[in-house]
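**Q** Input file: query-v1.tsv. Contents: TSV, C-alpha atoms.
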```
chain	number	residue	atom	x	y	z
A	1	MET	CA	-78.71	-6.96	-2.16
A	2	PRO	CA	-75.39	-8.55	-1.17
A	3	MET	CA	-75.59	-10.73	-4.29
A	4	TYR	CA	-76.11	-7.66	-6.51
A	5	PHE	CA	-73.07	-6.02	-4.92
A	6	ALA	CA	-71.05	-9.17	-5.56
A	7	ILE	CA	-72.11	-9.31	-9.22
A	8	GLY	CA	-71.27	-5.63	-9.60
A	9	ALA	CA	-67.84	-6.20	-8.12
A	10	ILE	CA	-67.16	-9.07	-10.54
A	11	MET	CA	-68.27	-7.00	-13.52
A	12	ALA	CA	-66.09	-4.09	-12.41
A	13	THR	CA	-63.11	-6.41	-12.12
A	14	GLY	CA	-63.71	-7.62	-15.66
A	15	ILE	CA	-63.73	-4.21	-17.28
A	16	THR	CA	-60.85	-2.56	-15.41
A	17	ALA	CA	-57.51	-2.72	-17.26
A	18	CYS	CA	-55.03	-3.86	-14.62
A	19	ASP	CA	-51.52	-5.27	-14.72
A	20	LYS	CA	-49.43	-6.67	-11.91
A	21	ASP	CA	-46.38	-4.59	-11.13
A	22	ASN	CA	-42.98	-5.99	-10.17
A	23	ASN	CA	-44.16	-6.29	-6.57
A	24	GLY	CA	-47.14	-8.42	-7.58
A	25	ASN	CA	-49.65	-5.65	-6.99
A	26	ASN	CA	-52.56	-5.03	-9.35
A	27	THR	CA	-52.19	-1.59	-10.93
A	28	GLU	CA	-54.48	0.16	-13.39
A	29	LEU	CA	-52.56	1.51	-16.39
A	30	SER	CA	-52.56	5.24	-16.96
A	31	ALA	CA	-53.59	6.60	-20.36
A	32	LYS	CA	-49.92	7.08	-21.23
A	33	GLU	CA	-48.99	3.55	-20.17
A	34	LYS	CA	-51.91	2.08	-22.12
A	35	THR	CA	-50.88	3.96	-25.27
A	36	LEU	CA	-47.27	2.86	-24.89
A	37	LYS	CA	-48.30	-0.74	-24.21
A	38	ASP	CA	-50.27	-0.64	-27.46
A	39	ALA	CA	-47.02	0.41	-29.14
A	40	VAL	CA	-44.64	-1.97	-27.38
A	41	VAL	CA	-46.57	-5.21	-27.94
A	42	PRO	CA	-46.70	-4.95	-31.76
A	43	PHE	CA	-43.07	-3.79	-31.77
A	44	VAL	CA	-42.15	-7.17	-30.32
A	45	ASP	CA	-44.65	-9.29	-32.26
A	46	LYS	CA	-44.57	-7.55	-35.65
A	47	THR	CA	-41.04	-6.15	-35.86
A	48	VAL	CA	-38.54	-7.92	-33.60
A	49	VAL	CA	-39.79	-11.49	-33.86
A	50	PRO	CA	-40.44	-11.56	-37.65
A	51	THR	CA	-37.05	-9.94	-38.31
A	52	TYR	CA	-35.16	-12.49	-36.24
A	53	LYS	CA	-37.22	-15.37	-37.64
A	54	SER	CA	-36.42	-14.38	-41.22
A	55	MET	CA	-32.75	-13.98	-40.39
A	56	ALA	CA	-32.63	-17.42	-38.76
A	57	ASP	CA	-34.50	-19.05	-41.66
A	58	GLU	CA	-32.00	-17.63	-44.16
A	59	ALA	CA	-29.07	-18.56	-41.91
A	60	ILE	CA	-30.23	-22.19	-41.97
A	61	LYS	CA	-30.28	-22.08	-45.78
A	62	LEU	CA	-26.83	-20.47	-45.76
A	63	MET	CA	-25.48	-23.18	-43.45
A	64	ASN	CA	-26.93	-25.95	-45.61
A	65	ALA	CA	-25.55	-24.47	-48.83
A	66	CYS	CA	-22.07	-24.11	-47.31
A	67	ASN	CA	-22.13	-27.68	-46.03
A	68	GLU	CA	-23.30	-28.95	-49.42
A	69	ALA	CA	-20.55	-26.95	-51.15
A	70	LYS	CA	-17.98	-28.49	-48.81
A	71	GLU	CA	-19.20	-32.05	-49.40
A	72	ALA	CA	-19.27	-31.57	-53.19
A	73	PHE	CA	-15.78	-30.07	-53.16
A	74	ILE	CA	-14.36	-32.94	-51.11
A	75	LYS	CA	-15.94	-35.41	-53.55
A	76	GLY	CA	-14.29	-33.58	-56.45
A	77	ASP	CA	-17.55	-32.25	-57.87
A	78	LYS	CA	-16.44	-28.66	-58.43
A	79	ALA	CA	-19.39	-27.76	-60.64
A	80	THR	CA	-21.86	-28.51	-57.85
A	81	ALA	CA	-19.59	-26.84	-55.31
A	82	GLN	CA	-19.49	-23.70	-57.45
A	83	ASN	CA	-23.28	-23.62	-57.72
A	84	LYS	CA	-23.61	-24.03	-53.98
A	85	ILE	CA	-21.12	-21.20	-53.34
A	86	SER	CA	-23.31	-18.94	-55.48
A	87	GLU	CA	-26.43	-20.12	-53.68
A	88	ALA	CA	-24.79	-19.56	-50.31
A	89	GLY	CA	-23.89	-16.02	-51.35
A	90	ASN	CA	-27.55	-15.26	-52.05
A	91	HIS	CA	-28.59	-16.60	-48.64
A	92	TRP	CA	-25.76	-14.62	-47.03
A	93	LYS	CA	-27.19	-11.40	-48.48
A	94	GLU	CA	-30.70	-12.23	-47.30
A	95	SER	CA	-29.68	-13.20	-43.78
A	96	ARG	CA	-27.39	-10.17	-43.67
A	97	LYS	CA	-30.27	-7.92	-44.66
A	98	TYR	CA	-32.39	-9.05	-41.73
A	99	TRP	CA	-29.44	-8.68	-39.37
A	100	GLU	CA	-28.98	-5.07	-40.44
A	101	LEU	CA	-32.74	-4.54	-40.06
A	102	SER	CA	-32.40	-5.74	-36.46
A	103	GLU	CA	-29.67	-3.37	-35.36
A	104	ALA	CA	-32.06	-0.82	-33.87
A	105	PHE	CA	-32.75	-3.41	-31.17
A	106	LEU	CA	-29.31	-4.73	-30.29
A	107	TYR	CA	-30.26	-4.59	-26.60
A	108	GLY	CA	-31.58	-7.80	-25.10
A	109	ALA	CA	-30.18	-11.10	-26.30
A	110	ALA	CA	-27.87	-9.60	-28.93
A	111	GLY	CA	-26.01	-7.75	-26.21
A	112	ASP	CA	-26.49	-10.01	-23.20
A	113	TYR	CA	-25.20	-13.11	-25.04
A	114	ASN	CA	-22.51	-11.15	-26.97
A	115	ILE	CA	-24.14	-12.23	-30.22
A	116	ASP	CA	-23.55	-8.84	-31.86
A	117	PRO	CA	-19.73	-8.95	-31.73
A	118	HIS	CA	-19.77	-12.71	-32.25
A	119	ILE	CA	-21.43	-12.55	-35.67
A	120	ASP	CA	-20.69	-9.01	-36.85
A	121	SER	CA	-17.13	-8.02	-36.04
A	122	TRP	CA	-14.97	-6.52	-38.78
A	123	PRO	CA	-12.57	-6.24	-40.41
A	124	LEU	CA	-11.63	-9.89	-40.92
A	125	ASP	CA	-8.32	-10.86	-39.28
A	126	LYS	CA	-6.63	-12.14	-42.43
A	127	ASN	CA	-3.27	-12.88	-40.79
A	128	ALA	CA	-4.90	-15.04	-38.14
A	129	LEU	CA	-7.01	-16.73	-40.81
A	130	ASP	CA	-3.93	-17.67	-42.86
A	131	GLN	CA	-2.30	-19.12	-39.75
A	132	LEU	CA	-5.45	-21.05	-38.92
A	133	LEU	CA	-5.85	-22.54	-42.39
A	134	ASN	CA	-2.25	-23.76	-42.28
A	135	ASN	CA	-2.59	-25.31	-38.82
A	136	ALA	CA	-3.31	-29.00	-39.43
A	137	GLY	CA	-4.32	-29.68	-35.83
A	138	MET	CA	-6.79	-26.83	-35.68
A	139	MET	CA	-8.27	-27.67	-39.06
A	140	ASN	CA	-8.79	-31.29	-38.03
A	141	ALA	CA	-10.55	-30.08	-34.90
A	142	ILE	CA	-12.76	-27.73	-36.92
A	143	GLY	CA	-13.59	-30.56	-39.31
A	144	GLU	CA	-14.72	-32.71	-36.41
A	145	GLY	CA	-16.31	-30.07	-34.20
A	146	GLY	CA	-17.87	-27.75	-36.77
A	147	GLY	CA	-19.77	-24.72	-35.56
A	148	ALA	CA	-19.53	-25.64	-31.88
A	149	TYR	CA	-15.74	-25.81	-32.07
A	150	VAL	CA	-15.18	-22.52	-33.88
A	151	SER	CA	-17.62	-20.78	-31.53
A	152	ALA	CA	-15.63	-21.85	-28.50
A	153	ASN	CA	-12.10	-21.50	-29.90
A	154	LEU	CA	-11.90	-18.73	-32.51
A	155	GLY	CA	-11.75	-14.99	-31.93
A	156	TYR	CA	-14.42	-12.62	-33.18
A	157	GLY	CA	-12.21	-11.54	-36.10
A	158	LEU	CA	-12.52	-15.05	-37.53
A	159	LEU	CA	-16.25	-15.56	-37.07
A	160	GLY	CA	-19.57	-14.33	-38.35
A	161	PHE	CA	-20.89	-12.66	-41.45
A	162	HIS	CA	-17.64	-11.14	-42.66
A	163	ALA	CA	-15.57	-14.31	-42.37
A	164	ILE	CA	-18.17	-16.11	-44.49
A	165	GLU	CA	-18.44	-13.15	-46.84
A	166	TYR	CA	-14.71	-13.31	-47.56
A	167	MET	CA	-15.02	-16.95	-48.60
A	168	LEU	CA	-18.17	-16.54	-50.72
A	169	PHE	CA	-17.37	-13.37	-52.71
A	170	GLN	CA	-14.48	-11.96	-54.68
A	171	LEU	CA	-13.82	-8.59	-56.26
A	172	GLU	CA	-13.22	-8.04	-59.96
A	173	ASN	CA	-12.58	-5.06	-62.26
A	174	ASN	CA	-10.15	-3.45	-59.86
A	175	GLY	CA	-12.57	-3.86	-56.97
A	176	GLU	CA	-15.56	-2.36	-58.78
A	177	LYS	CA	-17.57	-5.59	-59.04
A	178	SER	CA	-18.36	-8.39	-56.58
A	179	VAL	CA	-19.08	-11.92	-57.82
A	180	ALA	CA	-19.35	-15.40	-56.35
A	181	ARG	CA	-15.92	-16.71	-55.45
A	182	ASP	CA	-14.30	-18.94	-58.06
A	183	ILE	CA	-14.21	-22.45	-56.64
A	184	ASN	CA	-10.64	-22.82	-57.93
A	185	THR	CA	-9.48	-20.19	-55.44
A	186	LEU	CA	-10.72	-22.37	-52.56
A	187	ASP	CA	-9.32	-25.54	-51.05
A	188	LYS	CA	-10.46	-28.23	-48.64
A	189	ASN	CA	-9.47	-26.33	-45.51
A	190	LYS	CA	-11.22	-23.18	-46.66
A	191	MET	CA	-14.37	-25.14	-47.39
A	192	ILE	CA	-14.27	-26.83	-43.97
A	193	TYR	CA	-13.71	-23.48	-42.27
A	194	THR	CA	-16.52	-21.75	-44.19
A	195	ALA	CA	-19.03	-24.49	-43.39
A	196	ALA	CA	-18.14	-24.45	-39.69
A	197	VAL	CA	-18.41	-20.66	-39.39
A	198	ALA	CA	-21.75	-20.75	-41.25
A	199	GLU	CA	-22.99	-23.33	-38.73
A	200	ASP	CA	-21.96	-21.10	-35.84
A	201	LEU	CA	-23.66	-18.09	-37.44
A	202	CYS	CA	-26.83	-20.13	-37.88
A	203	PHE	CA	-26.81	-21.22	-34.24
A	204	GLN	CA	-26.50	-17.62	-33.05
A	205	CYS	CA	-29.30	-16.40	-35.33
A	206	ILE	CA	-31.66	-19.09	-34.08
A	207	ARG	CA	-30.76	-18.19	-30.51
A	208	LEU	CA	-31.82	-14.60	-31.19
A	209	GLU	CA	-35.21	-15.69	-32.45
A	210	ALA	CA	-35.78	-18.07	-29.54
A	211	SER	CA	-34.70	-15.42	-27.05
A	212	TRP	CA	-37.52	-13.11	-28.11
A	213	VAL	CA	-40.31	-15.59	-28.88
A	214	GLY	CA	-39.52	-18.50	-26.54
A	215	MET	CA	-38.25	-22.02	-27.26
A	216	ASP	CA	-41.77	-23.41	-27.58
A	217	ASN	CA	-42.54	-21.02	-30.43
A	218	ILE	CA	-39.71	-21.93	-32.80
A	219	THR	CA	-39.63	-24.94	-35.12
A	220	GLU	CA	-38.59	-28.36	-33.90
A	221	GLU	CA	-35.52	-28.16	-36.14
A	222	LYS	CA	-34.45	-24.96	-34.44
A	223	GLN	CA	-35.19	-26.33	-30.98
A	224	ASN	CA	-32.98	-29.35	-31.68
A	225	ILE	CA	-30.11	-27.17	-32.92
A	226	LEU	CA	-30.15	-25.04	-29.77
A	227	THR	CA	-30.52	-28.01	-27.44
A	228	GLU	CA	-27.72	-29.98	-29.09
A	229	ASN	CA	-25.40	-27.01	-28.79
A	230	GLU	CA	-26.53	-25.98	-25.29
A	231	LEU	CA	-27.65	-22.56	-26.50
A	232	GLU	CA	-31.17	-22.47	-25.10
A	233	PRO	CA	-31.93	-18.90	-24.01
A	234	SER	CA	-32.37	-18.40	-20.28
A	235	PHE	CA	-34.72	-15.42	-20.59
A	236	ASN	CA	-37.69	-14.49	-22.78
A	237	TYR	CA	-36.98	-10.93	-23.89
A	238	GLY	CA	-40.22	-10.59	-25.83
A	239	GLU	CA	-42.42	-11.52	-22.90
A	240	SER	CA	-40.36	-9.27	-20.66
A	241	MET	CA	-41.00	-6.24	-22.84
A	242	LYS	CA	-44.66	-7.04	-23.53
A	243	ASN	CA	-45.28	-7.46	-19.82
A	244	SER	CA	-43.47	-4.35	-18.66
A	245	GLY	CA	-44.19	-3.50	-15.04
A	246	GLN	CA	-45.16	-7.05	-14.17
A	247	GLY	CA	-43.22	-9.58	-12.13
A	248	GLY	CA	-40.23	-10.99	-13.98
A	249	SER	CA	-39.97	-8.14	-16.48
A	250	LYS	CA	-36.76	-6.12	-16.74
A	251	TYR	CA	-38.85	-2.99	-17.40
A	252	LYS	CA	-40.49	-1.13	-14.54
A	253	ASN	CA	-43.23	0.14	-16.88
A	254	PHE	CA	-44.05	0.66	-20.57
A	255	THR	CA	-42.46	4.11	-20.49
A	256	ASP	CA	-39.19	2.36	-19.65
A	257	ALA	CA	-39.67	-0.07	-22.55
A	258	ALA	CA	-40.53	2.71	-25.00
A	259	GLN	CA	-37.43	4.62	-23.98
A	260	GLU	CA	-35.32	1.55	-24.71
A	261	ILE	CA	-36.87	1.33	-28.17
A	262	ILE	CA	-35.95	4.95	-28.92
A	263	GLN	CA	-32.49	4.61	-27.37
A	264	GLY	CA	-31.82	1.57	-29.54
A	265	CYS	CA	-32.62	3.73	-32.57
A	266	ILE	CA	-30.28	6.46	-31.34
A	267	ASP	CA	-27.47	3.98	-30.71
A	268	ILE	CA	-27.48	2.47	-34.20
A	269	ALA	CA	-27.83	5.88	-35.85
A	270	ASP	CA	-24.81	7.04	-33.88
A	271	GLU	CA	-22.84	3.93	-34.90
A	272	VAL	CA	-23.64	4.36	-38.60
A	273	ARG	CA	-22.71	8.04	-38.49
A	274	GLY	CA	-19.66	7.88	-36.26
A	275	GLN	CA	-18.15	4.47	-37.01
A	276	LYS	CA	-19.49	2.69	-40.06
A	277	ILE	CA	-19.30	5.82	-42.23
A	278	GLY	CA	-17.34	8.14	-39.98
A	279	LYS	CA	-14.17	6.16	-39.39
A	280	PRO	CA	-13.36	5.48	-43.07
A	281	ALA	CA	-14.62	8.94	-44.09
A	282	GLN	CA	-12.80	11.05	-41.52
A	283	GLY	CA	-10.19	8.83	-39.88
A	284	SER	CA	-6.53	9.06	-40.74
A	285	SER	CA	-5.13	5.77	-39.46
A	286	GLU	CA	-4.71	2.56	-41.41
A	287	GLU	CA	-7.24	0.98	-39.08
A	288	ASP	CA	-9.79	3.64	-40.02
A	289	LYS	CA	-9.10	3.15	-43.72
A	290	ASN	CA	-9.77	-0.59	-43.43
A	291	TYR	CA	-12.85	-0.21	-41.23
A	292	ILE	CA	-15.17	-1.09	-44.11
A	293	GLU	CA	-18.28	-3.12	-43.46
A	294	SER	CA	-19.14	-5.83	-46.03
A	295	PRO	CA	-16.26	-4.93	-48.41
A	296	TYR	CA	-16.09	-8.23	-50.34
A	297	SER	CA	-19.77	-8.33	-51.34
A	298	LEU	CA	-19.88	-4.56	-51.92
A	299	ASN	CA	-22.84	-4.50	-49.57
A	300	SER	CA	-21.72	-1.55	-47.42
A	301	ILE	CA	-24.23	1.02	-48.64
A	302	THR	CA	-27.07	-1.49	-48.41
A	303	ASP	CA	-25.99	-2.25	-44.84
A	304	PHE	CA	-26.09	1.43	-43.88
A	305	ALA	CA	-29.50	2.03	-45.46
A	306	ASP	CA	-30.95	-1.08	-43.82
A	307	ASN	CA	-29.72	0.15	-40.44
A	308	ILE	CA	-31.77	3.31	-40.91
A	309	ARG	CA	-34.72	1.22	-42.07
A	310	SER	CA	-34.39	-0.69	-38.81
A	311	ILE	CA	-34.90	2.64	-37.05
A	312	SER	CA	-37.97	3.28	-39.16
A	313	ASN	CA	-39.42	-0.13	-38.31
A	314	ALA	CA	-38.75	0.32	-34.60
A	315	TYR	CA	-40.10	3.87	-34.46
A	316	GLN	CA	-43.19	3.64	-36.66
A	317	GLY	CA	-43.78	-0.08	-37.15
A	318	SER	CA	-42.82	-2.52	-39.87
A	319	ASN	CA	-46.29	-2.66	-41.38
A	320	GLU	CA	-48.75	0.04	-42.31
A	321	GLY	CA	-51.22	0.49	-39.47
A	322	ASP	CA	-49.00	-0.96	-36.76
A	323	LYS	CA	-49.30	0.86	-33.45
A	324	SER	CA	-45.94	2.34	-32.51
A	325	VAL	CA	-44.09	4.82	-30.33
A	326	SER	CA	-44.58	7.25	-33.20
A	327	ASP	CA	-48.28	7.37	-32.28
A	328	PHE	CA	-47.50	8.52	-28.76
A	329	ILE	CA	-45.01	11.16	-29.95
A	330	ALA	CA	-47.57	12.43	-32.47
A	331	SER	CA	-50.24	12.69	-29.76
A	332	ILE	CA	-47.97	15.10	-27.87
A	333	SER	CA	-46.29	16.86	-30.80
A	334	SER	CA	-47.15	16.07	-34.41
A	335	GLU	CA	-44.32	18.40	-35.40
A	336	LYS	CA	-41.68	16.36	-33.54
A	337	ASP	CA	-43.07	13.11	-34.90
A	338	LYS	CA	-42.93	14.45	-38.46
A	339	ALA	CA	-39.37	15.63	-37.86
A	340	VAL	CA	-38.27	12.11	-36.95
A	341	LYS	CA	-39.98	10.56	-39.96
A	342	ASP	CA	-38.58	13.20	-42.33
A	343	ALA	CA	-35.09	12.66	-40.92
A	344	ILE	CA	-35.38	8.91	-41.48
A	345	VAL	CA	-36.35	9.43	-45.13
A	346	LYS	CA	-33.59	12.00	-45.65
A	347	SER	CA	-30.96	9.73	-44.10
A	348	ILE	CA	-31.86	6.82	-46.37
A	349	GLU	CA	-31.92	9.08	-49.42
A	350	THR	CA	-28.47	10.51	-48.73
A	351	ILE	CA	-26.98	7.10	-47.94
A	352	LYS	CA	-28.27	5.71	-51.24
A	353	LYS	CA	-26.39	8.47	-53.06
A	354	MET	CA	-23.10	7.10	-51.71
A	355	PRO	CA	-21.33	5.02	-54.39
A	356	GLU	CA	-19.88	1.54	-54.08
A	357	PRO	CA	-17.23	0.44	-53.51
A	358	PHE	CA	-17.37	2.39	-50.28
A	359	ALA	CA	-13.68	1.67	-49.69
A	360	LYS	CA	-12.81	3.86	-52.70
A	361	HIS	CA	-15.36	6.62	-52.14
A	362	ALA	CA	-15.51	6.91	-48.34
A	363	LYS	CA	-13.85	10.33	-48.21
A	364	GLU	CA	-16.12	11.96	-50.77
A	365	GLN	CA	-18.76	14.60	-50.04
A	366	THR	CA	-21.56	12.02	-50.23
A	367	SER	CA	-20.30	10.50	-46.97
A	368	ILE	CA	-20.32	13.86	-45.24
A	369	ASP	CA	-23.85	14.53	-46.52
A	370	ALA	CA	-25.04	11.19	-45.15
A	371	MET	CA	-23.39	11.83	-41.78
A	372	ASN	CA	-25.03	15.24	-41.53
A	373	ALA	CA	-28.45	13.76	-42.33
A	374	ILE	CA	-27.99	11.05	-39.71
A	375	ASN	CA	-26.86	13.65	-37.19
A	376	THR	CA	-30.20	15.41	-37.70
A	377	LEU	CA	-31.97	12.07	-37.22
A	378	ILE	CA	-30.16	11.53	-33.92
A	379	THR	CA	-31.23	14.97	-32.71
A	380	THR	CA	-34.88	14.35	-33.57
A	381	LEU	CA	-34.82	10.95	-31.88
A	382	GLU	CA	-33.34	12.47	-28.74
A	383	GLU	CA	-36.16	15.02	-28.73
A	384	ALA	CA	-38.69	12.21	-29.12
A	385	ASN	CA	-37.12	10.39	-26.20
A	386	ASN	CA	-37.47	13.53	-24.09
A	387	ILE	CA	-41.16	13.68	-24.93
A	388	ILE	CA	-41.63	10.14	-23.60
A	389	THR	CA	-39.73	11.04	-20.43
A	390	GLU	CA	-41.44	14.34	-19.72
A	391	ASN	CA	-45.10	13.60	-20.57
```
Show how you would write the structure in this file as structure tokens.

**A**
Amino acid sequence: MPMYFAIGAIMATGITACDKDNNGNNTELSAKEKTLKDAVVPFVDKTVVPTYKSMADEAIKLMNACNEAKEAFIKGDKATAQNKISEAGNHWKESRKYWELSEAFLYGAAGDYNIDPHIDSWPLDKNALDQLLNNAGMMNAIGEGGGAYVSANLGYGLLGFHAIEYMLFQLENNGEKSVARDINTLDKNKMIYTAAVAEDLCFQCIRLEASWVGMDNITEEKQNILTENELEPSFNYGESMKNSGQGGSKYKNFTDAAQEIIQGCIDIADEVRGQKIGKPAQGSSEEDKNYIESPYSLNSITDFADNIRSISNAYQGSNEGDKSVSDFIASISSEKDKAVKDAIVKSIETIKKMPEPFAKHAKEQTSIDAMNAINTLITTLEEANNIITEN
């Protein structure tokens, strides 16, 4: 009989769903926690990690194209340099797209390592850039130190996507059309600067991927880049979220993690409404007027729409059939879940009606319509967050 009891105990242990909490105790997950765990794990594995991986992959291609353009220019091969500038512009748009698709989850590494302001501050500080390009000592140092040097010595207004954008694109037809920058408008210092900033951007993008998936799960090339530049992440944000409630996690439970997912959606919706669209649309200062995201590539509207798509991916999954926080909200209130999804669709639709160049059309009714739609989205997301808290 004692043996039968022992076997029964082993079998019971095998079929009971238990996690260890932050005190190291075994705890059986409640139905709510199990449902939210089923949502949180694919959020990390199927939304966060693939988004950052794709961004890093394109950032490597962008870095390589900028370096090849620089080398060709220095050799006097302007035809090749021009082709590489065009190629770099395409990779800039692709890497940029994945960055905008990641902005619903700017918590974690993007915030803790200051990667968000590092690679996505705007507008470009043109006065400081002119001074930099005419400073022989600084340019020599950038030429020797590359991405590591600019990362350590330049301010945010001279780094990231928008600094590179300025060098890769130019406006034509009175600002109505964006094309690849004419190589004849560039010089050696500009090419050196562009290549160095592209390197720094690449390093930061790779760090984001590694921070969520772990150093062992990125390519050897990426591992070497981070190691050489002493940018190895000190914390695995993906494992932390997937193991909510367990020792070493920053989340006390999966409810806590799910709330962060929704809050990240609210935060980016609020930024798109109040700052990215709101400041140019409703502000009166010169600073507000110039607060235009991606003005040289005429990518502003695409940026805004991709930010809302990032909310969609975070809330209901990037792939059809993905488990998500939407499933939990729907289990409590299908009406509230539908309201969030409808507000996402409406926000994207109204944003897409906004014309480029945004700098010329920011104060038109289309901007107000988009802001109103996003305001509704924020309200529905806040209601969804309350459902997670209260149930």

**Q** Taking into account only C-alpha atoms, which residue in the set A:Leu298, A:Pro280, A:Leu381, A:Ala136 is nearest to Glu364 in chain A?

**A**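 For Glu364 in chain A, the nearest of the candidates is A:Pro280.
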
**Q** Which residues are close to range 338-350 of chain A, i.e. within 7 Å by all atoms listed in the file, leaving aside same-chain residues fewer than 5 positions away? Reply as a list in words.

**A**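 Neighbouring residues, sequence-local ones excluded: Ala305, Ile308, Ser312, Asp369, Ala370, Ala373, Ile374, Thr376, Leu377, Thr380 and Leu381 of chain A.
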
**Q** Within 9 Å of Gln259 in chain A, counting only C-alpha atoms, which residues show up once you throw out same-chain ones fewer than 6 positions away? Write them as a VMD selection string, please.

**A** chain A and resid 385 to 386 388 to 389

**Q** Name the closest residue to Ala88 in chain A among the candidates A:Ile332, A:Cys66, A:Val213, A:Ala269; distances are taken between atoms, counting all atoms listed in the file.

**A** A:Cys66

**Q** So how many Å separate CA of Lys70 in chain A and CA of Gly157 in chain A, to one decimal?

**A**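 Distance reported for this atom pair: 22.0 Å.
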
**Q** Between range 315-369 of chain A and range 28-40 of chain A, at 12 Å or less, what are the per-residue closest atom pairs and their distances in Å? Count all atoms listed in the file, order by chain and rising residue number, and return it as JSON lines.

**A**
```
{"residue": "A:Tyr315", "atom": "CA", "partner": "A:Ala39", "partner_atom": "CA", "distance": 9.4}
{"residue": "A:Gln316", "atom": "CA", "partner": "A:Ala39", "partner_atom": "CA", "distance": 9.0}
{"residue": "A:Gly317", "atom": "CA", "partner": "A:Ala39", "partner_atom": "CA", "distance": 8.7}
{"residue": "A:Ser318", "atom": "CA", "partner": "A:Ala39", "partner_atom": "CA", "distance": 11.9}
{"residue": "A:Gly321", "atom": "CA", "partner": "A:Ala39", "partner_atom": "CA", "distance": 11.2}
{"residue": "A:Asp322", "atom": "CA", "partner": "A:Ala39", "partner_atom": "CA", "distance": 8.0}
{"residue": "A:Lys323", "atom": "CA", "partner": "A:Ala39", "partner_atom": "CA", "distance": 4.9}
{"residue": "A:Ser324", "atom": "CA", "partner": "A:Ala39", "partner_atom": "CA", "distance": 4.0}
{"residue": "A:Val325", "atom": "CA", "partner": "A:Ala39", "partner_atom": "CA", "distance": 5.4}
{"residue": "A:Ser326", "atom": "CA", "partner": "A:Ala39", "partner_atom": "CA", "distance": 8.3}
{"residue": "A:Asp327", "atom": "CA", "partner": "A:Ala39", "partner_atom": "CA", "distance": 7.7}
{"residue": "A:Phe328", "atom": "CA", "partner": "A:Thr35", "partner_atom": "CA", "distance": 6.7}
{"residue": "A:Ile329", "atom": "CA", "partner": "A:Leu36", "partner_atom": "CA", "distance": 10.0}
{"residue": "A:Ala330", "atom": "CA", "partner": "A:Thr35", "partner_atom": "CA", "distance": 11.6}
{"residue": "A:Ser331", "atom": "CA", "partner": "A:Thr35", "partner_atom": "CA", "distance": 9.8}
{"residue": "A:Ile332", "atom": "CA", "partner": "A:Lys32", "partner_atom": "CA", "distance": 10.6}
```

**Q** Taking 5 positions as the minimum chain separation for residues in the same chain, which residues sit within 10 Å of range 184-197 of chain A when counting only C-alpha atoms? Answer as number ranges by chain.

**A** A: 62-74, 78, 81-82, 85, 119, 129-130, 132-136, 139-140, 142-151, 154, 158-161, 163-168, 170, 202-203

**Q** Applying 12 Å and all atoms listed in the file, which residues near range 287-289 of chain A remain after dropping the ones on its own chain fewer than 4 positions away? List them as JSON, numbers by chain.

**A** {"A": [122, 123, 124, 125, 274, 275, 276, 277, 278, 279, 280, 281, 282, 283, 293, 295, 358, 359, 360, 361, 362, 363]}

**Q** Write out as a CSV table (one decimal) with C-alpha atoms, in the frame of the given file which residues come within 12 Å of Asp112 in chain A when counting only C-alpha atoms, dropping same-chain ones fewer than 5 positions away.

**A**
```csv
chain,number,residue,atom,x,y,z
A,106,LEU,CA,-29.3,-4.7,-30.3
A,107,TYR,CA,-30.3,-4.6,-26.6
A,117,PRO,CA,-19.7,-9.0,-31.7
A,118,HIS,CA,-19.8,-12.7,-32.2
A,207,ARG,CA,-30.8,-18.2,-30.5
A,208,LEU,CA,-31.8,-14.6,-31.2
A,211,SER,CA,-34.7,-15.4,-27.0
A,233,PRO,CA,-31.9,-18.9,-24.0
A,234,SER,CA,-32.4,-18.4,-20.3
A,235,PHE,CA,-34.7,-15.4,-20.6
A,237,TYR,CA,-37.0,-10.9,-23.9
```

**Q** Quote the spacing between CA of Asn153 in chain A and CA of Met138 in chain A in Å to one decimal place.

**A**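 Distance between the two atoms: 9.5 Å.
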
**Q** Report the distance between CA of Gln365 in chain A and CA of Ala314 in chain A in Å, rounded to one decimal place.

**A**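 Between these atoms lies a distance of 29.0 Å.
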
**Q** For each of A:Leu201, A:Ile225, A:Ile262, A:Met371, take the minimum atom-to-atom distance to Ile115 in chain A, counting all atoms listed in the file, then give the residue where this is smallest.

**A** A:Leu201

**Q** For a quick check of understanding, using only C-alpha atoms, which of A:Asn290, A:Ser249, A:Ser310, A:Ser285 has the smallest distance to Asn236 in chain A?

**A** A:Ser249

**Q** My list of candidates is A:Lys177, A:Pro357, A:Ala109, A:Ser367. Which is closest to Ser294 in chain A when distances are computed with all atoms listed in the file?

**A** A:Pro357

**Q** Calculate, to one decimal in Å, the centre and edge lengths of the box along x, y and z of the file that holds all listed atoms of range 205-208 of chain A with 8 Å of margin on each side, and present them as AutoDock Vina command-line options.

**A**
```
--center_x -30.6 --center_y -16.8 --center_z -32.9 --size_x 18.5 --size_y 20.5 --size_z 20.8
```

**Q** Using only C-alpha atoms, list the residues that have an atom at most 9 Å from (-34.6, -17.2, -38.9), coordinates as in the file, as a PyMOL selection string.

**A** chain A and resi 50-60+95+98+202+205-206+208-209+222
